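*Asks:* My structure is in protein31.cif, and what it holds is mmCIF, N, CA and C atoms:
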```cif
data_model
loop_
_atom_site.label_atom_id
_atom_site.label_comp_id
_atom_site.auth_asym_id
_atom_site.auth_seq_id
_atom_site.Cartn_x
_atom_site.Cartn_y
_atom_site.Cartn_z
N GLN L 558 2.63 -7.41 1.13
CA GLN L 558 1.53 -7.76 0.24
C GLN L 558 0.61 -6.56 0.05
N VAL L 559 -0.01 -6.52 -1.11
CA VAL L 559 -0.98 -5.48 -1.44
C VAL L 559 -2.28 -6.18 -1.81
N GLN L 560 -3.37 -5.71 -1.25
CA GLN L 560 -4.68 -6.23 -1.63
C GLN L 560 -5.41 -5.15 -2.43
N LEU L 561 -6.03 -5.60 -3.51
CA LEU L 561 -6.78 -4.69 -4.38
C LEU L 561 -8.21 -5.22 -4.51
N VAL L 562 -9.17 -4.37 -4.27
CA VAL L 562 -10.57 -4.77 -4.36
C VAL L 562 -11.30 -3.82 -5.29
N GLU L 563 -11.80 -4.37 -6.41
CA GLU L 563 -12.53 -3.57 -7.38
C GLU L 563 -14.02 -3.54 -7.05
N SER L 564 -14.67 -2.51 -7.51
CA SER L 564 -16.12 -2.41 -7.40
C SER L 564 -16.62 -1.49 -8.50
N GLY L 565 -17.94 -1.54 -8.74
CA GLY L 565 -18.55 -0.62 -9.68
C GLY L 565 -18.95 -1.21 -11.01
N GLY L 566 -18.64 -2.48 -11.24
CA GLY L 566 -19.04 -3.09 -12.49
C GLY L 566 -20.53 -3.35 -12.54
N GLY L 567 -21.01 -3.79 -13.70
CA GLY L 567 -22.43 -4.09 -13.83
C GLY L 567 -22.86 -4.12 -15.27
N LEU L 568 -24.17 -4.10 -15.46
CA LEU L 568 -24.78 -4.12 -16.78
C LEU L 568 -25.22 -2.71 -17.14
N VAL L 569 -24.85 -2.27 -18.33
CA VAL L 569 -25.21 -0.92 -18.78
C VAL L 569 -25.55 -0.97 -20.26
N GLN L 570 -26.41 -0.09 -20.69
CA GLN L 570 -26.77 -0.04 -22.10
C GLN L 570 -25.70 0.69 -22.91
N PRO L 571 -25.60 0.40 -24.19
CA PRO L 571 -24.65 1.14 -25.03
C PRO L 571 -24.88 2.64 -24.92
N GLY L 572 -23.77 3.37 -24.82
CA GLY L 572 -23.84 4.81 -24.63
C GLY L 572 -23.87 5.24 -23.18
N GLY L 573 -24.02 4.29 -22.28
CA GLY L 573 -24.08 4.60 -20.86
C GLY L 573 -22.72 4.77 -20.22
N SER L 574 -22.74 4.97 -18.91
CA SER L 574 -21.51 5.22 -18.16
C SER L 574 -21.43 4.33 -16.92
N LEU L 575 -20.22 4.07 -16.50
CA LEU L 575 -19.94 3.38 -15.24
C LEU L 575 -18.66 3.95 -14.68
N ARG L 576 -18.54 3.87 -13.35
CA ARG L 576 -17.27 4.24 -12.73
C ARG L 576 -16.79 3.07 -11.88
N LEU L 577 -15.60 2.60 -12.21
CA LEU L 577 -14.97 1.53 -11.44
C LEU L 577 -14.07 2.14 -10.37
N SER L 578 -14.02 1.45 -9.24
CA SER L 578 -13.12 1.85 -8.16
C SER L 578 -12.26 0.67 -7.77
N CYS L 579 -11.06 0.96 -7.28
CA CYS L 579 -10.15 -0.07 -6.81
C CYS L 579 -9.50 0.43 -5.53
N ALA L 580 -9.83 -0.21 -4.42
CA ALA L 580 -9.28 0.18 -3.13
C ALA L 580 -8.06 -0.67 -2.81
N ALA L 581 -6.96 -0.02 -2.52
CA ALA L 581 -5.72 -0.71 -2.18
C ALA L 581 -5.51 -0.71 -0.67
N SER L 582 -5.03 -1.83 -0.16
CA SER L 582 -4.72 -1.93 1.26
C SER L 582 -3.50 -2.83 1.44
N GLY L 583 -3.01 -2.89 2.67
CA GLY L 583 -1.82 -3.67 2.94
C GLY L 583 -0.59 -2.79 2.89
N ILE L 584 0.48 -3.32 2.35
CA ILE L 584 1.74 -2.56 2.26
C ILE L 584 1.69 -1.73 0.99
N ILE L 585 1.07 -0.56 1.08
CA ILE L 585 0.85 0.26 -0.12
C ILE L 585 1.94 1.28 -0.33
N LEU L 586 2.87 1.35 0.63
CA LEU L 586 3.99 2.25 0.43
C LEU L 586 4.77 1.76 -0.78
N SER L 587 5.25 2.67 -1.56
CA SER L 587 6.07 2.37 -2.75
C SER L 587 5.26 1.81 -3.91
N ILE L 588 3.93 1.91 -3.85
CA ILE L 588 3.15 1.61 -5.06
C ILE L 588 3.43 2.71 -6.06
N SER L 589 3.79 2.34 -7.27
CA SER L 589 4.09 3.34 -8.29
C SER L 589 2.92 3.41 -9.27
N THR L 590 3.08 2.76 -10.41
CA THR L 590 2.04 2.81 -11.43
C THR L 590 0.86 1.91 -11.06
N MET L 591 -0.33 2.43 -11.30
CA MET L 591 -1.55 1.64 -11.15
C MET L 591 -2.29 1.67 -12.48
N GLY L 592 -3.05 0.63 -12.72
CA GLY L 592 -3.74 0.60 -14.01
C GLY L 592 -4.95 -0.30 -14.01
N TRP L 593 -5.69 -0.19 -15.09
CA TRP L 593 -6.84 -1.04 -15.34
C TRP L 593 -6.56 -1.87 -16.60
N TYR L 594 -6.84 -3.14 -16.49
CA TYR L 594 -6.74 -4.06 -17.61
C TYR L 594 -8.10 -4.72 -17.78
N ARG L 595 -8.33 -5.31 -18.94
CA ARG L 595 -9.59 -6.04 -19.15
C ARG L 595 -9.33 -7.29 -19.97
N GLN L 596 -10.22 -8.24 -19.78
CA GLN L 596 -10.13 -9.50 -20.52
C GLN L 596 -11.52 -9.92 -20.92
N ALA L 597 -11.72 -9.98 -22.23
CA ALA L 597 -12.99 -10.45 -22.79
C ALA L 597 -12.88 -11.95 -23.03
N PRO L 598 -14.02 -12.65 -23.10
CA PRO L 598 -13.99 -14.10 -23.32
C PRO L 598 -13.22 -14.46 -24.59
N GLY L 599 -12.29 -15.39 -24.45
CA GLY L 599 -11.52 -15.85 -25.58
C GLY L 599 -10.40 -14.92 -26.02
N LYS L 600 -10.18 -13.85 -25.27
CA LYS L 600 -9.14 -12.90 -25.65
C LYS L 600 -8.11 -12.76 -24.53
N GLN L 601 -6.97 -12.21 -24.89
CA GLN L 601 -5.93 -11.98 -23.90
C GLN L 601 -6.26 -10.73 -23.08
N ARG L 602 -5.70 -10.69 -21.89
CA ARG L 602 -5.85 -9.51 -21.05
C ARG L 602 -5.11 -8.35 -21.71
N GLU L 603 -5.74 -7.18 -21.72
CA GLU L 603 -5.14 -6.03 -22.37
C GLU L 603 -5.18 -4.80 -21.45
N LEU L 604 -4.21 -3.93 -21.66
CA LEU L 604 -4.18 -2.69 -20.90
C LEU L 604 -5.29 -1.75 -21.38
N VAL L 605 -5.99 -1.18 -20.43
CA VAL L 605 -7.00 -0.17 -20.73
C VAL L 605 -6.43 1.23 -20.48
N ALA L 606 -5.88 1.43 -19.29
CA ALA L 606 -5.31 2.73 -18.93
C ALA L 606 -4.41 2.55 -17.71
N ARG L 607 -3.43 3.43 -17.56
CA ARG L 607 -2.59 3.38 -16.39
C ARG L 607 -2.17 4.79 -16.01
N ILE L 608 -1.78 4.93 -14.74
CA ILE L 608 -1.42 6.23 -14.22
C ILE L 608 -0.25 6.06 -13.27
N THR L 609 0.74 6.92 -13.41
CA THR L 609 1.92 6.84 -12.55
C THR L 609 1.65 7.55 -11.23
N SER L 610 2.57 7.40 -10.31
CA SER L 610 2.42 8.09 -9.02
C SER L 610 2.46 9.59 -9.20
N GLY L 611 3.08 10.06 -10.28
CA GLY L 611 3.13 11.48 -10.56
C GLY L 611 1.95 11.99 -11.35
N GLY L 612 1.04 11.09 -11.72
CA GLY L 612 -0.17 11.51 -12.41
C GLY L 612 -0.13 11.43 -13.93
N PHE L 613 0.95 10.91 -14.48
CA PHE L 613 0.99 10.74 -15.93
C PHE L 613 0.12 9.55 -16.33
N THR L 614 -0.61 9.73 -17.42
CA THR L 614 -1.55 8.70 -17.84
C THR L 614 -1.30 8.28 -19.28
N ASN L 615 -1.71 7.04 -19.58
CA ASN L 615 -1.81 6.65 -20.98
C ASN L 615 -2.95 5.65 -21.13
N TYR L 616 -3.52 5.63 -22.32
CA TYR L 616 -4.73 4.88 -22.60
C TYR L 616 -4.58 4.02 -23.85
N ALA L 617 -5.31 2.94 -23.88
CA ALA L 617 -5.45 2.17 -25.11
C ALA L 617 -6.18 3.04 -26.13
N ASP L 618 -5.81 2.88 -27.39
CA ASP L 618 -6.44 3.69 -28.43
C ASP L 618 -7.95 3.52 -28.45
N SER L 619 -8.41 2.32 -28.13
CA SER L 619 -9.83 2.01 -28.22
C SER L 619 -10.68 2.75 -27.18
N VAL L 620 -10.05 3.30 -26.15
CA VAL L 620 -10.82 3.97 -25.10
C VAL L 620 -10.50 5.45 -24.97
N LYS L 621 -9.54 5.93 -25.74
CA LYS L 621 -9.17 7.35 -25.66
C LYS L 621 -10.38 8.25 -25.94
N GLY L 622 -10.54 9.26 -25.11
CA GLY L 622 -11.65 10.18 -25.27
C GLY L 622 -12.93 9.71 -24.61
N ARG L 623 -12.98 8.46 -24.17
CA ARG L 623 -14.19 7.93 -23.53
C ARG L 623 -13.95 7.57 -22.06
N PHE L 624 -12.75 7.08 -21.75
CA PHE L 624 -12.42 6.64 -20.39
C PHE L 624 -11.44 7.62 -19.76
N THR L 625 -11.55 7.77 -18.45
CA THR L 625 -10.62 8.61 -17.71
C THR L 625 -10.16 7.87 -16.46
N ILE L 626 -8.84 7.74 -16.31
CA ILE L 626 -8.28 7.11 -15.13
C ILE L 626 -7.82 8.18 -14.16
N SER L 627 -8.00 7.92 -12.87
CA SER L 627 -7.54 8.86 -11.85
C SER L 627 -7.23 8.08 -10.58
N ARG L 628 -6.50 8.72 -9.69
CA ARG L 628 -6.18 8.06 -8.42
C ARG L 628 -6.21 9.08 -7.31
N ASP L 629 -6.66 8.63 -6.15
CA ASP L 629 -6.67 9.45 -4.94
C ASP L 629 -5.68 8.79 -3.99
N ASN L 630 -4.48 9.34 -3.93
CA ASN L 630 -3.44 8.72 -3.11
C ASN L 630 -3.78 8.76 -1.62
N ALA L 631 -4.49 9.79 -1.20
CA ALA L 631 -4.86 9.89 0.21
C ALA L 631 -5.81 8.75 0.61
N LYS L 632 -6.65 8.33 -0.34
CA LYS L 632 -7.60 7.25 -0.08
C LYS L 632 -7.11 5.91 -0.60
N SER L 633 -5.92 5.92 -1.23
CA SER L 633 -5.36 4.68 -1.81
C SER L 633 -6.36 4.02 -2.74
N THR L 634 -6.98 4.83 -3.57
CA THR L 634 -8.04 4.33 -4.46
C THR L 634 -7.78 4.78 -5.89
N LEU L 635 -8.02 3.85 -6.79
CA LEU L 635 -7.89 4.08 -8.23
C LEU L 635 -9.29 4.08 -8.83
N TYR L 636 -9.51 4.93 -9.82
CA TYR L 636 -10.82 5.03 -10.47
C TYR L 636 -10.69 4.87 -11.98
N LEU L 637 -11.78 4.45 -12.60
CA LEU L 637 -11.89 4.47 -14.05
C LEU L 637 -13.30 4.93 -14.38
N GLN L 638 -13.39 6.13 -14.92
CA GLN L 638 -14.67 6.65 -15.39
C GLN L 638 -14.83 6.25 -16.84
N MET L 639 -15.90 5.51 -17.13
CA MET L 639 -16.12 5.00 -18.47
C MET L 639 -17.40 5.60 -19.02
N ASN L 640 -17.27 6.36 -20.10
CA ASN L 640 -18.42 6.99 -20.75
C ASN L 640 -18.57 6.44 -22.17
N SER L 641 -19.73 6.68 -22.74
CA SER L 641 -20.01 6.24 -24.12
C SER L 641 -19.64 4.78 -24.32
N LEU L 642 -20.08 3.95 -23.42
CA LEU L 642 -19.71 2.55 -23.46
C LEU L 642 -20.27 1.85 -24.68
N LYS L 643 -19.49 0.91 -25.18
CA LYS L 643 -19.84 0.14 -26.37
C LYS L 643 -19.90 -1.34 -26.01
N PRO L 644 -20.63 -2.13 -26.79
CA PRO L 644 -20.66 -3.57 -26.51
C PRO L 644 -19.26 -4.20 -26.48
N GLU L 645 -18.35 -3.69 -27.28
CA GLU L 645 -16.99 -4.26 -27.30
C GLU L 645 -16.19 -3.91 -26.05
N ASP L 646 -16.73 -3.09 -25.17
CA ASP L 646 -16.08 -2.84 -23.88
C ASP L 646 -16.43 -3.92 -22.85
N THR L 647 -17.32 -4.82 -23.21
CA THR L 647 -17.70 -5.90 -22.30
C THR L 647 -16.49 -6.78 -21.99
N ALA L 648 -16.22 -6.94 -20.70
CA ALA L 648 -15.06 -7.71 -20.27
C ALA L 648 -15.03 -7.74 -18.74
N VAL L 649 -14.14 -8.55 -18.21
CA VAL L 649 -13.80 -8.46 -16.80
C VAL L 649 -12.67 -7.45 -16.66
N TYR L 650 -12.86 -6.47 -15.81
CA TYR L 650 -11.88 -5.41 -15.62
C TYR L 650 -11.09 -5.68 -14.34
N TYR L 651 -9.77 -5.61 -14.47
CA TYR L 651 -8.87 -5.90 -13.36
C TYR L 651 -8.05 -4.67 -12.99
N CYS L 652 -7.90 -4.46 -11.71
CA CYS L 652 -7.03 -3.42 -11.19
C CYS L 652 -5.63 -3.99 -11.00
N ASN L 653 -4.64 -3.20 -11.33
CA ASN L 653 -3.24 -3.62 -11.19
C ASN L 653 -2.45 -2.55 -10.45
N ALA L 654 -1.53 -2.99 -9.63
CA ALA L 654 -0.61 -2.07 -8.96
C ALA L 654 0.80 -2.63 -9.04
N LYS L 655 1.75 -1.75 -9.24
CA LYS L 655 3.15 -2.13 -9.26
C LYS L 655 3.82 -1.53 -8.03
N ARG L 656 4.63 -2.34 -7.35
CA ARG L 656 5.21 -1.89 -6.10
C ARG L 656 6.69 -2.19 -6.04
N GLY L 657 7.43 -1.21 -5.54
CA GLY L 657 8.85 -1.41 -5.30
C GLY L 657 9.70 -1.23 -6.53
N ILE L 658 11.03 -1.35 -6.29
CA ILE L 658 11.97 -1.10 -7.39
C ILE L 658 11.88 -2.18 -8.45
N TYR L 659 11.40 -3.35 -8.09
CA TYR L 659 11.24 -4.41 -9.08
C TYR L 659 9.85 -4.43 -9.71
N GLU L 660 9.02 -3.47 -9.32
CA GLU L 660 7.67 -3.33 -9.87
C GLU L 660 6.92 -4.67 -9.85
N ILE L 661 6.83 -5.22 -8.66
CA ILE L 661 6.07 -6.46 -8.50
C ILE L 661 4.61 -6.16 -8.77
N ASP L 662 3.96 -7.03 -9.53
CA ASP L 662 2.56 -6.84 -9.91
C ASP L 662 1.61 -7.43 -8.87
N TYR L 663 0.58 -6.66 -8.58
CA TYR L 663 -0.54 -7.13 -7.75
C TYR L 663 -1.82 -6.94 -8.56
N TRP L 664 -2.75 -7.88 -8.38
CA TRP L 664 -4.00 -7.84 -9.14
C TRP L 664 -5.20 -7.95 -8.23
N GLY L 665 -6.28 -7.29 -8.63
CA GLY L 665 -7.54 -7.50 -7.97
C GLY L 665 -8.24 -8.73 -8.52
N GLN L 666 -9.42 -9.01 -7.99
CA GLN L 666 -10.13 -10.21 -8.40
C GLN L 666 -10.95 -10.00 -9.67
N GLY L 667 -11.11 -8.76 -10.08
CA GLY L 667 -11.84 -8.45 -11.30
C GLY L 667 -13.29 -8.10 -11.05
N THR L 668 -13.83 -7.27 -11.92
CA THR L 668 -15.24 -6.90 -11.85
C THR L 668 -15.81 -6.92 -13.27
N GLN L 669 -16.97 -7.53 -13.41
CA GLN L 669 -17.57 -7.72 -14.73
C GLN L 669 -18.27 -6.43 -15.20
N VAL L 670 -17.97 -6.05 -16.42
CA VAL L 670 -18.68 -4.96 -17.09
C VAL L 670 -19.33 -5.54 -18.34
N THR L 671 -20.64 -5.38 -18.43
CA THR L 671 -21.39 -5.87 -19.59
C THR L 671 -22.14 -4.72 -20.21
N VAL L 672 -21.90 -4.50 -21.49
CA VAL L 672 -22.57 -3.43 -22.22
C VAL L 672 -23.50 -4.08 -23.24
N SER L 673 -24.79 -3.95 -22.99
CA SER L 673 -25.76 -4.64 -23.83
C SER L 673 -27.11 -3.96 -23.71
N SER L 674 -27.86 -4.01 -24.81
CA SER L 674 -29.22 -3.48 -24.78
C SER L 674 -30.22 -4.59 -24.48
#
```
Take the structure from the file and write it as structure tokens.

*Replies:*
Amino acid sequence: QVQLVESGGGLVQPGGSLRLSCAASGIILSISTMGWYRQAPGKQRELVARITSGGFTNYADSVKGRFTISRDNAKSTLYLQMNSLKPEDTAVYYCNAKRGIYEIDYWGQGTQVTVSS
């Protein structure tokens, strides 16, 4: 089993910044791709950004140039630096990890990000 715990969410004004963290614990050997997803009220969960164990990244078009995903394998922690936040970025943000050859999905409990003046 893998446990994922997110932190760093909160209320921020438009144009502001937040950094989300996701600490992984448990059987973290063989974790490959990790990512951030978000779900706004009434909408489906969507990919925000993901990063492979080799450091390759990809982003949703809506966040390119504003968000940066990174991971510290020594600390088993995933990050999402979010800059120039917009009201449409408001959502619950979830950390995801894929483990093993079958890429079993693990999810965190989510952290709320609210962008509002």

*Asks:* For this file, the PyMOL selection byres (((chain L and resi 661 and name CA) around 12) and name CA) selects which residues, as a PyMOL selection string?

*Replies:* chain L and resi 558-559+585+587-591+653-660+662-664

*Asks:* Selection in question (the file shown): the PyMOL selection byres (((chain L and resi 567-572 and name CA) around 10) and name CA). Which residues does it include, as a list of chain:residue names?

*Replies:*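 Taken over the shown coordinates, the PyMOL selection byres (((chain L and resi 567-572 and name CA) around 10) and name CA) returns L:Ser564, L:Gly565, L:Gly566, L:Gly573, L:Ser574, L:Leu575, L:Arg576, L:Leu577, L:Met639, L:Asn640, L:Ser641, L:Leu642, L:Lys643, L:Pro644, L:Glu645, L:Asp646, L:Thr647, L:Thr668, L:Gln669, L:Val670, L:Thr671, L:Val672, L:Ser673, L:Ser674.
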
*Asks:* Could you list, as a VMD selection string, every residue within 12 Å of L:Lys621, counting only C-alpha atoms and ignoring same-chain residues fewer than 2 positions away?

*Replies:* chain L and resid 605 to 606 614 to 619 623 to 626 638 to 642

*Asks:* DSSP on the backbone, helix (DSSP H, G or I) only: what residues of chain L does that give? Format it as a list in words.

*Replies:*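 Here is the list: Asp618, Ser619, Val620, Pro644, Glu645 and Asp646 of chain L.
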
*Asks:* Atom CA of L:Arg602 and atom CA of L:Ile584, how far apart in Å?

*Replies:*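 Computing it gives 25.5 Å between the two atoms.
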